[in-house]
file protein.csv (CSV, C-alpha atoms)
chain,number,residue,atom,x,y,z
L,27,MET,CA,-26.7,28.5,25.4
L,28,LYS,CA,-30.1,29.9,26.5
L,29,TYR,CA,-32.1,31.6,23.8
L,30,ASP,CA,-34.6,33.3,26.1
L,31,ILE,CA,-33.3,36.7,25.3
L,32,ILE,CA,-33.6,36.1,21.6
L,33,GLU,CA,-37.2,35.1,22.0
L,34,SER,CA,-37.9,38.2,24.1
L,35,LEU,CA,-36.3,40.3,21.4
L,36,GLU,CA,-38.4,38.7,18.8
L,37,SER,CA,-41.6,39.6,20.7
L,38,LEU,CA,-40.4,43.1,21.2
L,39,LEU,CA,-39.5,43.6,17.6
L,40,ARG,CA,-42.8,42.3,16.4
L,41,GLU,CA,-44.6,44.7,18.7
L,42,GLU,CA,-42.4,47.5,17.2
L,43,GLY,CA,-43.5,46.5,13.7
L,44,PHE,CA,-40.5,44.6,12.5
L,45,THR,CA,-41.1,41.8,10.0
L,46,ASN,CA,-39.1,39.0,8.3
L,47,LEU,CA,-37.7,37.9,11.6
L,48,SER,CA,-35.1,35.2,11.2
L,49,THR,CA,-32.8,33.6,13.8
L,50,LEU,CA,-29.6,31.7,13.0
L,51,ARG,CA,-28.8,29.6,16.0
L,52,ALA,CA,-25.5,27.8,16.8
L,53,SER,CA,-24.4,26.1,20.0
L,54,HIS,CA,-22.7,29.2,21.3
L,55,GLU,CA,-24.3,32.0,19.5
L,56,ALA,CA,-27.4,33.3,17.9
L,57,THR,CA,-28.1,36.0,15.3
L,58,LEU,CA,-31.5,37.6,14.9
L,59,THR,CA,-32.3,39.7,11.8
L,60,ALA,CA,-35.5,41.7,11.2
L,61,VAL,CA,-36.7,44.4,8.8
L,62,LYS,CA,-38.9,47.5,9.3
L,63,GLY,CA,-39.2,49.7,6.2
L,64,ASP,CA,-35.7,50.6,5.1
L,65,THR,CA,-34.2,49.5,8.4
L,66,ARG,CA,-32.4,46.2,8.6
L,67,LEU,CA,-31.6,45.0,12.1
L,68,VAL,CA,-29.0,42.4,13.1
L,69,THR,CA,-28.6,41.3,16.7
L,70,HIS,CA,-25.9,38.9,17.6
L,71,ILE,CA,-25.3,37.3,21.0
L,72,SER,CA,-22.6,34.8,22.0
L,73,ASP,CA,-21.4,33.0,25.1
L,74,ARG,CA,-18.5,31.5,23.4
L,75,ALA,CA,-15.5,31.4,25.7
L,76,SER,CA,-13.1,29.7,23.3
L,77,VAL,CA,-12.8,28.8,19.7
L,78,PRO,CA,-13.8,25.1,19.2
L,79,SER,CA,-11.0,22.8,17.9
L,80,HIS,CA,-10.8,22.5,14.2
L,81,ALA,CA,-8.7,19.3,14.3
L,82,GLN,CA,-9.1,16.1,16.3
L,83,PRO,CA,-7.5,12.7,16.3
L,84,HIS,CA,-9.9,9.8,15.8
L,85,ALA,CA,-10.2,7.8,19.0
L,86,ASP,CA,-11.3,4.5,17.3
L,87,VAL,CA,-8.1,3.4,15.6
L,88,PRO,CA,-6.4,0.0,15.4
L,89,ASP,CA,-4.0,-1.1,18.1
L,90,PRO,CA,-0.4,-0.1,17.1
L,91,SER,CA,0.6,-3.8,17.4
L,92,GLU,CA,-1.4,-4.4,14.2
L,93,ILE,CA,1.1,-2.3,12.2
L,94,ALA,CA,3.9,-4.5,11.1
L,95,VAL,CA,5.5,-2.3,8.5
L,96,ARG,CA,5.1,1.5,8.4
L,97,PRO,CA,5.5,3.2,5.1
L,98,ARG,CA,8.9,4.8,4.5
L,99,VAL,CA,9.6,8.2,3.1
L,100,PRO,CA,12.5,8.0,0.7
L,101,GLY,CA,15.4,10.0,2.0
L,102,VAL,CA,14.1,10.2,5.6
L,103,PRO,CA,15.6,7.9,8.3
L,104,THR,CA,12.9,6.1,10.1
L,105,ASP,CA,14.4,7.1,13.5
L,106,ALA,CA,14.7,10.8,12.6
L,107,ILE,CA,14.2,12.9,15.7
L,108,SER,CA,12.5,15.7,13.7
L,109,GLY,CA,9.8,14.9,11.2
L,110,THR,CA,10.4,18.2,9.3
L,111,PRO,CA,13.5,17.5,7.3
L,112,GLY,CA,15.7,20.5,6.6
L,113,ARG,CA,19.0,20.3,4.9
L,114,ALA,CA,20.3,16.8,4.9
L,115,SER,CA,22.0,14.3,2.7
L,116,GLY,CA,22.9,10.7,2.7
L,117,SER,CA,24.4,7.9,0.6
L,118,GLY,CA,25.3,4.3,0.9
L,119,VAL,CA,26.5,1.2,-0.7
L,120,SER,CA,25.5,-2.4,-0.3
L,121,LYS,CA,28.0,-5.0,0.8
L,122,GLY,CA,29.4,-7.2,-1.8
L,123,ARG,CA,29.4,-6.7,-5.5
W,33,MET,CA,12.8,-3.1,-15.5
W,34,PRO,CA,14.2,-1.0,-12.6
W,35,VAL,CA,13.8,2.8,-13.0
W,36,LEU,CA,16.0,5.5,-11.6
W,37,SER,CA,13.9,8.5,-10.6
W,38,GLN,CA,15.2,11.9,-9.7
W,39,TYR,CA,13.0,14.5,-8.1
W,40,TRP,CA,13.7,18.2,-8.0
W,41,PHE,CA,11.4,20.0,-5.4
W,42,HIS,CA,11.0,23.7,-6.1
W,43,ASN,CA,10.0,24.7,-2.6
W,44,GLY,CA,11.2,22.0,-0.2
W,45,PHE,CA,11.5,18.3,0.3
W,46,PHE,CA,8.2,16.6,-0.5
W,47,GLN,CA,6.5,20.0,-0.9
W,48,GLY,CA,4.8,21.8,-3.7
W,49,PRO,CA,5.7,21.7,-7.4
W,50,PHE,CA,8.5,19.4,-8.5
W,51,ASP,CA,9.9,17.8,-11.6
W,52,VAL,CA,10.7,14.1,-11.8
W,53,PHE,CA,12.8,12.4,-14.5
W,54,ASN,CA,12.6,8.6,-14.8
W,55,GLU,CA,15.2,6.6,-16.6
W,56,PRO,CA,14.6,2.8,-16.9
W,57,TYR,CA,17.7,0.6,-17.0
W,58,PRO,CA,18.3,-3.1,-17.5
W,59,ASP,CA,19.1,-5.5,-14.6
W,60,GLY,CA,22.7,-5.2,-13.7
W,61,GLY,CA,23.0,-2.1,-15.8
W,62,TRP,CA,23.2,1.5,-14.9
W,63,ALA,CA,21.5,4.8,-15.5
W,64,TRP,CA,22.3,8.5,-15.3
W,65,ILE,CA,20.2,11.6,-15.2
W,66,SER,CA,21.6,15.1,-15.9
W,67,ASN,CA,20.7,17.8,-13.5
W,68,GLY,CA,17.6,19.8,-14.0
W,69,SER,CA,16.5,23.3,-13.0
W,70,PRO,CA,17.4,24.9,-9.6
W,71,SER,CA,15.6,23.3,-6.7
W,72,ALA,CA,15.3,23.5,-2.9
W,73,ALA,CA,15.7,19.8,-2.5
W,74,THR,CA,16.4,16.8,-4.6
W,75,LEU,CA,15.8,13.1,-4.2
W,76,VAL,CA,17.1,10.1,-6.1
W,77,TRP,CA,15.3,6.9,-5.7
W,78,ASN,CA,15.9,3.5,-7.4
W,79,ARG,CA,12.5,2.1,-8.3
W,80,PRO,CA,12.9,-1.7,-8.1
W,81,ASP,CA,11.4,-4.1,-10.6
W,82,GLY,CA,8.1,-5.2,-9.2
W,83,GLU,CA,7.1,-1.9,-7.6
W,84,HIS,CA,3.4,-1.3,-7.6
W,85,THR,CA,2.3,2.3,-7.1
W,86,VAL,CA,-1.2,3.6,-6.2
W,87,ASP,CA,-2.0,7.2,-7.1
W,88,LEU,CA,-4.1,8.2,-4.2
W,89,ALA,CA,-5.8,11.2,-5.7
W,90,GLY,CA,-6.5,9.2,-8.9
W,91,GLN,CA,-8.0,6.4,-6.9
W,92,LEU,CA,-10.1,8.6,-4.7
W,93,ASN,CA,-11.6,10.8,-7.5
W,94,THR,CA,-14.2,8.3,-8.4
W,95,GLY,CA,-18.0,8.7,-8.5
W,96,ASP,CA,-18.6,6.5,-5.4
W,97,VAL,CA,-16.1,8.5,-3.2
W,98,LEU,CA,-17.3,11.9,-4.4
W,99,ALA,CA,-20.9,10.8,-3.7
W,100,ILE,CA,-19.9,10.0,-0.1
W,101,VAL,CA,-18.3,13.4,0.3
W,102,ASP,CA,-21.2,15.3,-1.2
W,103,GLY,CA,-23.6,13.3,0.9
W,104,ALA,CA,-21.7,14.1,4.0
W,105,LEU,CA,-21.7,17.8,3.2
W,106,GLY,CA,-25.5,17.8,2.6
W,107,SER,CA,-27.1,21.1,1.7
W,108,GLN,CA,-25.1,23.2,4.1
W,109,ALA,CA,-21.9,23.3,2.0
W,110,SER,CA,-20.8,22.5,-1.5
W,111,ARG,CA,-17.6,20.8,-2.6
W,112,THR,CA,-15.5,23.0,-4.9
W,113,SER,CA,-12.7,20.7,-5.8
W,114,GLY,CA,-11.9,17.1,-6.4
W,115,ILE,CA,-10.2,14.9,-3.8
W,116,ILE,CA,-6.6,16.1,-3.3
W,117,ALA,CA,-3.9,14.1,-1.6
W,118,GLN,CA,-0.7,15.2,0.1
W,119,GLY,CA,2.0,13.6,2.3
W,120,VAL,CA,2.3,15.3,5.7
W,121,PHE,CA,4.9,14.5,8.3
W,122,TRP,CA,3.3,13.8,11.7
W,123,PRO,CA,4.6,17.0,13.4
W,124,ASN,CA,2.8,19.0,10.7
W,125,VAL,CA,-0.5,17.4,11.3
W,126,PRO,CA,-2.9,19.9,13.0
W,127,TYR,CA,-3.7,17.7,15.9
W,128,TYR,CA,-0.1,16.7,16.6
W,129,GLY,CA,-0.1,18.9,19.7
W,130,SER,CA,-2.8,16.8,21.4
W,131,ASN,CA,-0.5,13.8,21.6
W,132,PRO,CA,2.9,14.1,20.0
W,133,GLY,CA,3.8,10.5,20.9
W,134,ARG,CA,0.9,9.1,18.9
W,135,HIS,CA,3.2,8.4,16.0
W,136,PRO,CA,7.0,8.5,15.3
W,137,ALA,CA,8.1,12.0,14.2
W,138,SER,CA,9.4,10.8,10.9
W,139,MET,CA,6.1,9.2,10.0
W,140,MET,CA,4.2,10.5,7.0
W,141,LEU,CA,0.4,10.5,7.0
W,142,ALA,CA,-1.6,10.7,3.8
W,143,ARG,CA,-3.8,13.8,3.9
W,144,VAL,CA,-6.8,13.6,1.7
W,145,TYR,CA,-8.7,16.8,1.4
W,146,PHE,CA,-11.1,18.9,-0.7
W,147,ASN,CA,-12.2,22.5,-0.9
W,148,PHE,CA,-15.7,23.6,0.1
W,149,HIS,CA,-17.9,26.7,0.0
W,150,VAL,CA,-20.6,27.7,2.5
W,151,SER,CA,-23.2,30.3,1.6
W,152,THR,CA,-24.3,32.6,4.4
W,153,PRO,CA,-27.1,35.1,5.1
W,154,TRP,CA,-26.6,38.7,3.8
W,155,TYR,CA,-25.0,40.0,7.0
W,156,CYS,CA,-22.0,37.5,6.8
W,157,SER,CA,-19.4,36.9,4.2
W,158,ASP,CA,-19.4,33.5,2.5
W,159,ALA,CA,-16.9,30.9,3.8
W,160,ASP,CA,-14.3,29.0,1.7
W,161,GLY,CA,-12.0,26.4,3.1
W,162,ASN,CA,-10.9,22.8,3.1
W,163,ILE,CA,-11.7,19.6,4.9
W,164,SER,CA,-9.0,17.1,5.6
W,165,TYR,CA,-8.8,13.5,6.7
W,166,TYR,CA,-5.5,12.1,7.8
W,167,LEU,CA,-4.9,8.4,6.8
W,168,VAL,CA,-2.3,6.0,8.3
W,169,LEU,CA,-1.3,3.4,5.7
W,170,TYR,CA,0.6,0.3,6.7
W,171,LEU,CA,1.3,-3.4,6.2
W,172,ASP,CA,-0.1,-5.8,8.7
W,173,ALA,CA,1.7,-8.9,10.0
W,174,SER,CA,0.6,-11.0,7.0
W,175,GLY,CA,1.8,-8.3,4.5
W,176,HIS,CA,-1.5,-7.0,3.5
W,177,ALA,CA,-2.0,-3.3,2.8
W,178,LYS,CA,-4.2,-1.6,5.4
W,179,GLY,CA,-5.2,1.8,6.4
W,180,TYR,CA,-7.3,3.8,8.8
W,181,VAL,CA,-8.6,7.3,9.4
W,182,ASP,CA,-6.3,8.8,12.1
W,183,GLY,CA,-8.0,12.2,12.4
W,184,TRP,CA,-9.6,15.2,10.7
W,185,SER,CA,-9.3,18.9,10.4
W,186,TYR,CA,-10.9,21.8,8.7
W,187,HIS,CA,-9.9,25.3,7.9
W,188,TYR,CA,-11.8,28.2,6.3
W,189,SER,CA,-11.8,31.9,5.9
W,190,GLY,CA,-14.9,34.1,5.9
W,191,GLY,CA,-18.2,33.6,7.7
W,192,GLY,CA,-17.7,36.8,9.6
W,193,PRO,CA,-18.8,38.6,11.5
W,194,PHE,CA,-21.6,36.5,13.0
W,195,CYS,CA,-21.8,33.1,11.1
W,196,THR,CA,-18.6,31.3,12.2
W,197,GLY,CA,-20.3,29.6,15.1
W,198,HIS,CA,-23.0,28.2,12.9
W,199,ILE,CA,-20.4,27.0,10.4
W,200,ASN,CA,-18.3,25.5,13.1
W,201,ASP,CA,-21.2,23.6,14.5
W,202,ALA,CA,-22.1,22.1,11.1
W,203,LEU,CA,-18.5,21.1,10.4
W,204,ASN,CA,-17.8,19.8,13.8
W,205,LYS,CA,-20.7,17.4,13.3
W,206,ALA,CA,-20.3,16.6,9.6
W,207,VAL,CA,-16.5,16.1,9.4
W,208,PRO,CA,-16.0,13.5,12.2
W,209,GLY,CA,-19.4,12.1,11.3
W,210,ALA,CA,-18.2,11.0,7.9
W,211,ILE,CA,-15.2,9.1,9.2
W,212,GLY,CA,-17.0,5.8,9.0
W,213,GLN,CA,-17.8,6.4,5.4
W,214,VAL,CA,-14.3,7.5,4.6
W,215,GLN,CA,-13.0,4.4,6.2
W,216,LYS,CA,-15.3,2.3,4.2
W,217,ALA,CA,-14.2,4.0,1.0
W,218,LEU,CA,-10.5,3.4,2.0
W,219,ASP,CA,-11.2,-0.3,2.7
W,220,ASN,CA,-12.8,-0.6,-0.7
W,221,LYS,CA,-9.8,0.8,-2.4
W,222,LEU,CA,-7.4,-1.3,-0.4
W,223,SER,CA,-9.4,-4.4,-1.1
W,224,LEU,CA,-8.1,-4.3,-4.7
W,225,LEU,CA,-4.7,-5.3,-3.2
W,226,ALA,CA,-6.1,-7.9,-0.8
W,227,ALA,CA,-5.0,-10.8,-3.0
W,228,PHE,CA,-1.4,-9.7,-2.7
W,229,THR,CA,1.1,-9.5,0.2
W,230,PHE,CA,4.0,-7.1,0.4
W,231,SER,CA,7.1,-6.6,2.4
W,232,THR,CA,7.8,-2.9,1.9
W,233,MET,CA,5.7,0.2,1.6
W,234,TYR,CA,6.8,3.8,0.8
W,235,PHE,CA,5.5,7.1,-0.3
W,236,LEU,CA,6.3,8.9,-3.5
W,237,PRO,CA,5.4,12.5,-4.3
W,238,GLY,CA,2.8,13.1,-6.9
W,239,SER,CA,1.3,10.4,-9.0
W,240,GLY,CA,4.2,8.1,-8.5
W,241,THR,CA,4.7,7.8,-12.3
W,242,SER,CA,7.6,5.8,-13.5
W,243,SER,CA,7.1,6.5,-17.1
W,244,GLN,CA,10.3,7.4,-18.9
W,245,GLY,CA,11.2,11.0,-19.2
W,246,ASP,CA,10.3,14.3,-17.5
W,247,HIS,CA,7.1,15.1,-15.6
W,248,ALA,CA,6.0,18.2,-13.7
W,249,GLU,CA,3.8,17.5,-10.7
W,250,ASN,CA,2.9,18.9,-7.3
W,251,ALA,CA,3.5,17.1,-4.0
W,252,ASP,CA,0.8,19.3,-2.3
W,253,THR,CA,-1.9,17.9,-4.6
W,254,ASP,CA,-1.1,14.3,-5.1
W,255,LEU,CA,0.6,11.4,-3.3
W,256,ALA,CA,1.4,7.9,-4.3
W,257,VAL,CA,2.0,4.9,-2.1
W,258,ALA,CA,4.2,2.2,-3.4
W,259,VAL,CA,4.5,-1.5,-2.4
W,260,LEU,CA,7.0,-4.2,-3.0
W,261,SER,CA,6.3,-7.9,-2.8

call {"tool": "encode", "arguments": {"input": "protein.csv", "output": "structure tokens"}}
result
Amino acid sequence: MKYDIIESLESLLREEGFTNLSTLRASHEATLTAVKGDTRLVTHISDRASVPSHAQPHADVPDPSEIAVRPRVPGVPTDAISGTPGRASGSGVSKGR
Amino acid sequence: MPVLSQYWFHNGFFQGPFDVFNEPYPDGGWAWISNGSPSAATLVWNRPDGEHTVDLAGQLNTGDVLAIVDGALGSQASRTSGIIAQGVFWPNVPYYGSNPGRHPASMMLARVYFNFHVSTPWYCSDADGNISYYLVLYLDASGHAKGYVDGWSYHYSGGGPFCTGHINDALNKAVPGAIGQVQKALDNKLSLLAAFTFSTMYFLPGSGTSSQGDHAENADTDLAVAVLS
């Protein structure tokens, strides 16, 4: 993002007698605040086209072949089609006595 | 001595508050547990003799790990909780949609997370939220317990109307930037088991306690991993 307009605004506001100029800059937006007497001014500009992702898989993970045994979840078949169990039940007996 | 454990989940399987009752019994013997309060789901699990459980939240709420977290946050945010652990099925992990085939659908990841607060200038509301790391735990071919950081997420409310971009920038840098340190902390904790080999690994809700009697815990705030030789 180009901050030229913020810098121009800062110059203009100083000429107009504003003080306490402060700019909070982010990668896709900037917020300029200034004070003149009882007047508090906030100017915000943004070029953000989309909200950045808030969740990401990590790319640098071990090869799946390193995993010999995955942890089980009691009550959930390991080959379940859905990972969000709903109503289900199960039971079993071992062979022999 | 084996232990029969019965879990009553108030809200749903492996979710939220639950009660667990543990009843030890002698080899070759039997045990019974009378039904408890109404529940949305129940689970009965026979805890074999020789089961070792690791309470993830208990293991991670140590000075060294908390110092890593606080160091990663720096001065831009403050931690407002201890380390919390939760089991999350893969389809419920926030970055599932980026590659659903990354893991089996039935797989549970260990979500370790903590709450944070960000103070903002006078023209924005403060932000409160949580930062999560998703861990894959497993046994390698030699039976050693291993784990890695599979991904991360954050969620917060507040920061409006003008400060969310600044907050996102800081979090998008700090959260993935701490993965190496989180991995190191995980490796340190797992190294305590390095001398042993195991054949089976499974998750249990809460602390994984097998102490006799009734216990009230929360599957959204603690998770245990159990291993068998």

call {"tool": "closest_residue", "arguments": {"input": "protein.csv", "among": "L:Thr49, L:Gly43, L:Ile71, L:Ile32", "to": "W:Pro193", "atoms": "all atoms listed in the file"}}
result
L:Ile71

call {"tool": "closest_residue", "arguments": {"input": "protein.csv", "among": "W:Phe194, W:Tyr186, W:Trp77, W:Phe50", "to": "L:Thr69", "atoms": "all atoms listed in the file"}}
result
W:Phe194

call {"tool": "closest_residue", "arguments": {"input": "protein.csv", "among": "W:Pro132, W:Gly48, W:Gly190, W:Gly95", "to": "chain L", "atoms": "all atoms listed in the file"}}
result
W:Pro132

call {"tool": "interface_residues", "arguments": {"input": "protein.csv", "of": "chain W", "to": "chain L", "cutoff": "6 Å", "atoms": "all atoms listed in the file", "output": "ChimeraX atom specification"}}
result
/W:121,126-127,137-138,170-173,182-186,197-198,233-235

call {"tool": "residues_around", "arguments": {"input": "protein.csv", "residues": "W:Gln108", "least_positions_apart": "5", "cutoff": "8 Å", "atoms": "only C-alpha atoms", "output": "ChimeraX atom specification"}}
result
/W:150-151,202
